[in-house]
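Colleague: What follows is final_9.pdb, made up of PDB, C-alpha atoms and all ligand atoms:
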ATOM      1  CA  MET A 978      45.640 113.864 -60.771
ATOM      2  CA  ILE A 979      43.378 113.936 -63.709
ATOM      3  CA  ASP A 980      43.696 110.207 -64.003
ATOM      4  CA  LYS A 981      42.843 109.696 -60.322
ATOM      5  CA  GLU A 982      39.857 111.975 -60.639
ATOM      6  CA  GLY A 983      38.877 109.958 -63.659
ATOM      7  CA  GLU A 984      39.250 106.743 -61.652
ATOM      8  CA  ARG A 985      37.110 108.113 -58.812
ATOM      9  CA  GLY A 986      34.584 109.190 -61.362
ATOM     10  CA  GLU A 987      34.521 105.660 -62.714
ATOM     11  CA  MET A 988      34.178 104.280 -59.190
ATOM     12  CA  ARG A 989      31.362 106.660 -58.445
ATOM     13  CA  LYS A 990      29.707 105.584 -61.656
ATOM     14  CA  SER A 991      30.020 101.901 -60.819
ATOM     15  CA  ASN A 992      28.802 102.545 -57.238
ATOM     16  CA  LEU A 993      25.860 104.398 -58.669
ATOM     17  CA  CYS A 994      25.276 101.527 -61.042
ATOM     18  CA  ALA A 995      25.310  99.047 -58.132
ATOM     19  CA  VAL A 996      22.819 101.171 -56.188
ATOM     20  CA  VAL A 997      20.539 101.386 -59.210
ATOM     21  CA  CYS A 998      20.819  97.632 -59.783
ATOM     22  CA  ILE A 999      20.042  96.844 -56.146
ATOM     23  CA  SER A1000      17.058  99.190 -56.225
ATOM     24  CA  LEU A1001      15.768  97.545 -59.389
ATOM     25  CA  VAL A1002      16.102  94.099 -57.801
ATOM     26  CA  ALA A1003      14.336  95.375 -54.685
ATOM     27  CA  VAL A1004      11.484  96.808 -56.760
ATOM     28  CA  TRP A1005      11.262  93.532 -58.672
ATOM     29  CA  VAL A1006      11.143  91.472 -55.458
ATOM     30  CA  VAL A1007       8.483  93.724 -53.967
ATOM     31  CA  SER A1008       6.378  93.616 -57.097
ATOM     32  CA  CYS A1009       6.713  89.826 -57.243
ATOM     33  CA  ALA A1010       5.602  89.607 -53.641
ATOM     34  CA  LYS A1011       2.634  91.795 -54.491
ATOM     35  CA  GLN A1012       1.729  89.642 -57.438
ATOM     36  CA  LYS A1013       1.514  86.550 -55.283
ATOM     37  CA  PRO A1014      -2.084  85.376 -55.575
ATOM     38  CA  PRO A1015      -4.059  86.133 -52.417
ATOM     39  CA  GLU A1016      -4.750  83.225 -50.109
ATOM     40  CA  ALA A1017      -8.040  81.538 -50.886
ATOM     41  CA  PRO A1018     -10.573  83.147 -48.576
ATOM     42  CA  PRO A1019     -11.931  80.837 -45.901
ATOM     43  CA  ALA A1020     -15.517  79.811 -46.393
ATOM     44  CA  THR A1021     -16.334  81.188 -42.987
ATOM     45  CA  THR A1022     -14.725  84.102 -41.251
ATOM     46  CA  ALA A1023     -14.003  82.238 -38.060
ATOM     47  CA  LYS A1024     -11.852  79.124 -37.953
ATOM     48  CA  PRO A1025     -11.830  78.106 -34.357
ATOM     49  CA  VAL A1026     -11.857  74.335 -34.510
ATOM     50  CA  GLU A1027      -8.270  74.090 -35.684
ATOM     51  CA  ALA A1028      -7.282  75.163 -32.198
ATOM     52  CA  VAL A1029      -8.740  72.008 -30.697
ATOM     53  CA  GLN A1030      -6.097  69.420 -29.879
ATOM     54  CA  ALA A1031      -6.628  66.484 -32.196
ATOM     55  CA  PRO A1032      -6.840  63.145 -30.450
ATOM     56  CA  SER A1033      -5.867  60.101 -32.513
ATOM     57  CA  GLN A1034      -9.502  59.156 -33.091
ATOM     58  CA  PRO A1035     -12.278  61.667 -33.783
ATOM     59  CA  GLU A1036     -14.584  61.902 -30.811
ATOM     60  CA  GLN A1037     -18.015  60.522 -31.585
ATOM     61  CA  VAL A1038     -20.664  62.832 -30.311
ATOM     62  CA  ALA A1039     -24.388  63.083 -29.965
ATOM     63  CA  ALA A1040     -26.193  65.735 -31.961
ATOM     64  CA  VAL A1041     -27.114  67.684 -28.890
ATOM     65  CA  GLY A1042     -24.370  68.593 -26.476
ATOM     66  CA  LEU A1043     -23.627  72.266 -26.696
ATOM     67  CA  ALA A1044     -27.298  73.013 -26.259
ATOM     68  CA  GLU A1045     -26.934  72.417 -22.537
ATOM     69  CA  GLN A1046     -24.888  75.580 -22.274
ATOM     70  CA  ALA A1047     -27.732  77.757 -23.529
ATOM     71  CA  PRO A1048     -29.084  80.107 -20.855
ATOM     72  CA  ALA A1049     -32.756  79.610 -19.916
ATOM     73  CA  ASP A1050     -33.956  82.801 -21.610
ATOM     74  CA  ALA A1051     -32.198  81.786 -24.832
ATOM     75  CA  LYS A1052     -33.819  78.344 -24.711
ATOM     76  CA  ALA A1053     -37.234  79.916 -24.318
ATOM     77  CA  LYS A1054     -36.832  82.431 -27.158
ATOM     78  CA  VAL A1055     -39.674  82.113 -29.646
ATOM     79  CA  ASN A1056     -38.956  81.789 -33.366
ATOM     80  CA  PRO A1057     -40.580  84.850 -34.978
ATOM     81  CA  THR A1058     -40.392  83.456 -38.518
ATOM     82  CA  LYS A1059     -42.743  81.081 -40.248
ATOM     83  CA  ALA A1060     -41.032  78.111 -41.854
ATOM     84  CA  ASP A1061     -42.603  78.879 -45.233
ATOM     85  CA  ALA A1062     -41.038  78.332 -48.649
ATOM     86  CA  ALA A1063     -39.316  81.732 -48.644
ATOM     87  CA  SER A1064     -37.753  81.186 -45.222
ATOM     88  CA  LEU A1065     -36.565  77.699 -46.148
ATOM     89  CA  GLU A1066     -35.118  78.986 -49.398
ATOM     90  CA  ASP A1067     -33.140  81.692 -47.568
ATOM     91  CA  GLY A1068     -32.173  79.202 -44.883
ATOM     92  CA  LYS A1069     -30.890  76.769 -47.470
ATOM     93  CA  THR A1070     -28.716  79.402 -49.140
ATOM     94  CA  LEU A1071     -27.274  80.522 -45.809
ATOM     95  CA  TYR A1072     -26.793  76.985 -44.520
ATOM     96  CA  THR A1073     -25.036  75.918 -47.697
ATOM     97  CA  HIS A1074     -22.722  78.889 -47.398
ATOM     98  CA  TYR A1075     -21.951  78.821 -43.677
ATOM     99  CA  CYS A1076     -22.583  75.345 -42.340
ATOM    100  CA  ALA A1077     -22.480  72.639 -45.006
ATOM    101  CA  GLU A1078     -18.696  72.420 -45.092
ATOM    102  CA  CYS A1079     -18.823  70.913 -41.607
ATOM    103  CA  HIS A1080     -22.354  69.608 -41.101
ATOM    104  CA  GLY A1081     -22.778  68.319 -44.666
ATOM    105  CA  VAL A1082     -25.228  69.490 -47.318
ATOM    106  CA  LYS A1083     -27.890  67.208 -45.813
ATOM    107  CA  GLY A1084     -26.975  67.818 -42.160
ATOM    108  CA  ASP A1085     -25.451  64.345 -41.922
ATOM    109  CA  ARG A1086     -21.999  65.729 -41.003
ATOM    110  CA  LYS A1087     -20.432  64.581 -44.218
ATOM    111  CA  GLY A1088     -19.011  68.011 -44.977
ATOM    112  CA  PRO A1089     -15.498  68.078 -46.431
ATOM    113  CA  VAL A1090     -14.107  69.981 -43.464
ATOM    114  CA  ALA A1091     -15.668  67.743 -40.801
ATOM    115  CA  ALA A1092     -13.072  64.991 -41.225
ATOM    116  CA  LYS A1093     -10.218  67.384 -40.509
ATOM    117  CA  PHE A1094     -11.378  68.258 -37.021
ATOM    118  CA  SER A1095     -11.069  66.256 -33.875
ATOM    119  CA  LEU A1096     -14.692  66.813 -32.893
ATOM    120  CA  ALA A1097     -17.366  65.645 -35.317
ATOM    121  CA  PRO A1098     -20.039  68.265 -35.984
ATOM    122  CA  ALA A1099     -23.499  67.542 -34.641
ATOM    123  CA  ASP A1100     -25.701  65.238 -36.701
ATOM    124  CA  LEU A1101     -28.612  67.472 -37.663
ATOM    125  CA  THR A1102     -30.560  64.537 -39.094
ATOM    126  CA  ASN A1103     -30.865  62.861 -35.676
ATOM    127  CA  LYS A1104     -34.609  62.979 -35.010
ATOM    128  CA  LYS A1105     -34.332  62.143 -31.318
ATOM    129  CA  ASP A1106     -31.740  64.787 -30.484
ATOM    130  CA  MET A1107     -33.166  67.459 -32.724
ATOM    131  CA  GLY A1108     -36.569  66.794 -31.187
ATOM    132  CA  THR A1109     -35.317  67.803 -27.745
ATOM    133  CA  ILE A1110     -33.674  71.059 -28.779
ATOM    134  CA  THR A1111     -35.784  74.228 -28.920
ATOM    135  CA  ASP A1112     -35.676  76.759 -31.757
ATOM    136  CA  GLY A1113     -34.393  79.294 -29.242
ATOM    137  CA  THR A1114     -31.493  77.003 -28.356
ATOM    138  CA  LEU A1115     -30.649  76.445 -32.009
ATOM    139  CA  PHE A1116     -30.673  80.208 -32.489
ATOM    140  CA  TRP A1117     -28.332  80.585 -29.517
ATOM    141  CA  VAL A1118     -25.940  77.843 -30.655
ATOM    142  CA  ILE A1119     -25.682  79.318 -34.153
ATOM    143  CA  THR A1120     -25.292  82.895 -32.930
ATOM    144  CA  GLU A1121     -22.789  82.291 -30.159
ATOM    145  CA  GLY A1122     -20.640  79.439 -31.455
ATOM    146  CA  PRO A1123     -20.432  77.613 -28.135
ATOM    147  CA  HIS A1124     -17.390  76.148 -26.469
ATOM    148  CA  LYS A1125     -16.404  72.749 -25.220
ATOM    149  CA  GLY A1126     -13.621  72.289 -22.691
ATOM    150  CA  GLY A1127     -12.854  75.993 -22.898
ATOM    151  CA  GLN A1128     -12.350  75.937 -26.665
ATOM    152  CA  MET A1129     -14.635  77.085 -29.405
ATOM    153  CA  VAL A1130     -15.818  74.039 -31.333
ATOM    154  CA  MET A1131     -18.072  75.813 -33.787
ATOM    155  CA  PRO A1132     -17.872  79.393 -35.003
ATOM    156  CA  GLY A1133     -20.591  81.820 -33.944
ATOM    157  CA  PHE A1134     -22.409  83.439 -36.827
ATOM    158  CA  GLY A1135     -23.862  86.392 -34.948
ATOM    159  CA  ILE A1136     -21.332  88.758 -36.517
ATOM    160  CA  SER A1137     -21.845  87.786 -40.128
ATOM    161  CA  THR A1138     -25.599  87.260 -40.150
ATOM    162  CA  THR A1139     -28.713  89.093 -38.969
ATOM    163  CA  ASP A1140     -31.096  87.595 -36.400
ATOM    164  CA  GLU A1141     -33.632  87.034 -39.148
ATOM    165  CA  GLU A1142     -31.143  85.101 -41.250
ATOM    166  CA  ILE A1143     -30.317  82.867 -38.293
ATOM    167  CA  TRP A1144     -34.013  82.114 -37.795
ATOM    168  CA  HIS A1145     -34.190  81.110 -41.470
ATOM    169  CA  ILE A1146     -31.244  78.764 -40.884
ATOM    170  CA  VAL A1147     -33.077  77.313 -37.852
ATOM    171  CA  ASP A1148     -36.170  76.717 -40.010
ATOM    172  CA  TYR A1149     -34.073  75.065 -42.676
ATOM    173  CA  ILE A1150     -32.043  72.719 -40.435
ATOM    174  CA  ARG A1151     -35.320  71.441 -38.947
ATOM    175  CA  THR A1152     -36.049  69.895 -42.354
ATOM    176  CA  PHE A1153     -33.081  67.511 -41.986
ATOM    177  CA  SER A1154     -34.737  65.591 -39.161
ATOM    178  CA  LYS A1155     -38.253  65.544 -40.586
TER     179      LYS A1155
HETATM  180  C1  LIG A1201     -16.133  74.473 -38.401
HETATM  181  C2  LIG A1201     -17.155  73.469 -38.480
HETATM  182  C3  LIG A1201     -18.561  73.902 -38.175
HETATM  183  C4  LIG A1201     -19.307  74.855 -38.825
HETATM  184  C5  LIG A1201     -18.887  75.751 -39.980
HETATM  185  C6  LIG A1201     -20.605  74.842 -38.205
HETATM  186  N1  LIG A1201     -20.641  73.914 -37.198
HETATM  187 FE1  LIG A1201     -22.226  73.450 -36.067
HETATM  188  N2  LIG A1201     -21.103  72.230 -34.935
HETATM  189  C7  LIG A1201     -19.790  71.924 -35.178
HETATM  190  C8  LIG A1201     -19.274  71.129 -34.094
HETATM  191  C9  LIG A1201     -17.864  70.573 -33.996
HETATM  192  C10 LIG A1201     -20.339  70.958 -33.195
HETATM  193  C11 LIG A1201     -20.283  70.272 -31.831
HETATM  194  C12 LIG A1201     -20.721  68.894 -31.772
HETATM  195  C13 LIG A1201     -20.722  68.489 -30.324
HETATM  196  O1  LIG A1201     -20.838  69.269 -29.421
HETATM  197  O2  LIG A1201     -20.617  67.336 -30.046
HETATM  198  C14 LIG A1201     -21.482  71.641 -33.771
HETATM  199  C15 LIG A1201     -22.723  71.673 -33.195
HETATM  200  C16 LIG A1201     -23.854  72.190 -33.801
HETATM  201  C17 LIG A1201     -25.199  72.049 -33.337
HETATM  202  C18 LIG A1201     -25.671  71.245 -32.133
HETATM  203  C19 LIG A1201     -25.559  71.992 -30.885
HETATM  204  C20 LIG A1201     -25.635  71.031 -29.749
HETATM  205  O3  LIG A1201     -26.446  71.218 -28.911
HETATM  206  O4  LIG A1201     -24.814  70.120 -29.721
HETATM  207  C21 LIG A1201     -26.021  72.695 -34.217
HETATM  208  C22 LIG A1201     -27.530  72.806 -34.167
HETATM  209  C23 LIG A1201     -25.173  73.261 -35.227
HETATM  210  N3  LIG A1201     -23.852  72.934 -34.942
HETATM  211  C24 LIG A1201     -25.605  73.994 -36.304
HETATM  212  C25 LIG A1201     -24.765  74.677 -37.176
HETATM  213  C26 LIG A1201     -25.213  75.635 -38.165
HETATM  214  C27 LIG A1201     -26.666  75.932 -38.453
HETATM  215  C28 LIG A1201     -24.102  76.118 -38.774
HETATM  216  C29 LIG A1201     -24.030  77.205 -39.827
HETATM  217  C30 LIG A1201     -24.662  78.459 -39.499
HETATM  218  C31 LIG A1201     -22.953  75.458 -38.189
HETATM  219  N4  LIG A1201     -23.388  74.608 -37.209
HETATM  220  C32 LIG A1201     -21.639  75.644 -38.592
HETATM  221  C33 LIG A1201     -19.042  72.328 -36.261
HETATM  222  C34 LIG A1201     -19.419  73.327 -37.147
END
Go ahead and render the structure in this file as structure tokens.
Modeller:
Amino acid sequence: MIDKEGERGEMRKSNLCAVVCISLVAVWVVSCAKQKPPEAPPATTAKPVEAVQAPSQPEQVAAVGLAEQAPADAKAKVNPTKADAASLEDGKTLYTHYCAECHGVKGDRKGPVAAKFSLAPADLTNKKDMGTITDGTLFWVITEGPHKGGQMVMPGFGISTTDEEIWHIVDYIRTFSK
């Protein structure tokens, strides 16, 4: 009897040991998972273009296309900022942060991300196209992130920026086609 008790005791001990070991492994796994470095944050909060079906060749597009979707009152909206040095400076900082990865640092759509998408970003250096688009329309395009064929082709920045910041971006992107 005593021996059997002793045996059970041993078994209990080894069961306990197994439970402790499993728990330790579990804690280790969880802590490893936690230590995994966080994913690199995306440069912009929205990443809509990935959803666009990629054709074999990137579609070549004119600078102005989405602008046609802008409602009349948006087109007519007057830019309340003056394109002075301070506005352009702010616009440059914001543009570099939010737009350059697609449209390129100089607006020539040579951004590193542009090549990965099926639809080339608009060429902001195109004098002819940029000459036909109003400041109000630019404001609308940047705020809303318009769609093409039912899919968002450019993120809207209305959530992450103030109206004033968007006007600074408008002032700044005008310099690409001057
Ligand atoms: C994820 C890539 C991406 C980012 C980021 C992006 N764009 Fe675009 N943008 C595009 C694409 C794609 C188009 C569509 C080109 C077309 O319609 O042919 C476009 C179009 C435009 C147009 C032209 C609208 C028209 O009428 O065709 C303007 C102006 C513009 N973007 C400005 C900006 C500005 C300013 C920012 C930053 C605040 C920005 N974009 C950020 C990809 C991007």
Colleague: Quick one: residues within 9 Å of region 1071-1087 of chain A, all atoms listed in the file, excluding same-chain residues fewer than 4 positions away - as a PDB file with C-alpha atoms, in the frame of the given file?
Modeller:
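Saved as selection20.pdb:
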ATOM      1  CA  ALA A1020     -15.517  79.811 -46.393  1.00  0.00           C
ATOM      2  CA  THR A1021     -16.334  81.188 -42.987  1.00  0.00           C
ATOM      3  CA  GLU A1066     -35.118  78.986 -49.398  1.00  0.00           C
ATOM      4  CA  ASP A1067     -33.140  81.692 -47.568  1.00  0.00           C
ATOM      5  CA  ALA A1091     -15.668  67.743 -40.801  1.00  0.00           C
ATOM      6  CA  ALA A1092     -13.072  64.991 -41.225  1.00  0.00           C
ATOM      7  CA  ALA A1097     -17.366  65.645 -35.317  1.00  0.00           C
ATOM      8  CA  PRO A1098     -20.039  68.265 -35.984  1.00  0.00           C
ATOM      9  CA  ALA A1099     -23.499  67.542 -34.641  1.00  0.00           C
ATOM     10  CA  ASP A1100     -25.701  65.238 -36.701  1.00  0.00           C
ATOM     11  CA  LEU A1101     -28.612  67.472 -37.663  1.00  0.00           C
ATOM     12  CA  THR A1102     -30.560  64.537 -39.094  1.00  0.00           C
ATOM     13  CA  ASN A1103     -30.865  62.861 -35.676  1.00  0.00           C
ATOM     14  CA  PHE A1134     -22.409  83.439 -36.827  1.00  0.00           C
ATOM     15  CA  THR A1138     -25.599  87.260 -40.150  1.00  0.00           C
ATOM     16  CA  GLU A1142     -31.143  85.101 -41.250  1.00  0.00           C
ATOM     17  CA  ILE A1143     -30.317  82.867 -38.293  1.00  0.00           C
ATOM     18  CA  HIS A1145     -34.190  81.110 -41.470  1.00  0.00           C
ATOM     19  CA  ILE A1146     -31.244  78.764 -40.884  1.00  0.00           C
ATOM     20  CA  TYR A1149     -34.073  75.065 -42.676  1.00  0.00           C
ATOM     21  CA  ILE A1150     -32.043  72.719 -40.435  1.00  0.00           C
ATOM     22  CA  PHE A1153     -33.081  67.511 -41.986  1.00  0.00           C
ATOM     23  CA  SER A1154     -34.737  65.591 -39.161  1.00  0.00           C
TER      24      SER A1154
END
Colleague: What is the distance between CA of Pro1089 (chain A) and atom N1 of ligand LIG 1201 (chain A), in Å to one decimal?
Modeller: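 Between these atoms lies a distance of 12.1 Å.
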Colleague: Using all atoms listed in the file, can you tell me which of A:Thr1114, A:Thr1070, A:Thr1120, A:Thr1152 comes closest to Asp1140 (chain A)?
Modeller: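 Among the listed residues, the smallest separation from Asp1140 (chain A) belongs to A:Thr1120.
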Colleague: Which centre and edge lengths in Å to one decimal define the box along x, y and z that fits every listed atom of ligand LIG 1201 (chain A) plus 4 Å per side, as AutoDock Vina command-line options?
Modeller:
--center_x -21.8 --center_y 72.9 --center_z -34.4 --size_x 19.4 --size_y 19.1 --size_z 19.1
Colleague: Work out how far atom N2 of ligand LIG 1201 (chain A) is from CA of Ala1053 (chain A), in Å to one decimal.
Modeller: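 Going from CA of Ala1053 (chain A) over to atom N2 of ligand LIG 1201 (chain A) covers 20.8 Å.
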Colleague: Quote the spacing between atom C12 of ligand LIG 1201 (chain A) and CA of Asp1061 (chain A) in Å to one decimal place.
Modeller: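 Computing it gives 27.6 Å between the two atoms.
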Colleague: For a quick check of understanding, using all atoms listed in the file, which of A:Ser1064, A:Thr1058, A:Ser1137, A:Ser1095 has the smallest distance to Glu1121 (chain A)?
Modeller: A:Ser1137
Colleague: Got a sec to check which residues sit within 7 Å of (-35.3, 75.5, -24.2), counting only C-alpha atoms, and write them as an NGL selection string?
Modeller: :A and (1049 or 1052-1053 or 1110-1111 or 1113-1114)
Colleague: Which one is closest to ligand LIG 1201 (chain A): A:Gly1127, A:Pro1048, A:Pro1057, A:Gly1088? Count all atoms listed in the file.
Modeller: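 Residue with the minimum atom-to-atom distance to ligand LIG 1201 (chain A): A:Gly1088.
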Colleague: Between A:Met1107, A:Val1130, A:Gly1068, A:Ala1051, single out the one closest to ligand LIG 1201 (chain A), counting all atoms listed in the file.
Modeller: A:Val1130
Colleague: Counting only C-alpha atoms and all ligand atoms, which of A:Val1118, A:Ile1136, A:Val1055, A:Ala1062 gets nearest to ligand LIG 1201 (chain A)?
Modeller: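 Among the listed residues, the smallest separation from ligand LIG 1201 (chain A) belongs to A:Val1118.
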Colleague: Choose the residue, out of A:Pro1132, A:Trp1144, A:Lys1155, A:Lys1093, that has the smallest atom-to-atom separation from ligand LIG 1201 (chain A); count all atoms listed in the file.
Modeller: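 Smallest separation from ligand LIG 1201 (chain A) among the options: A:Pro1132.
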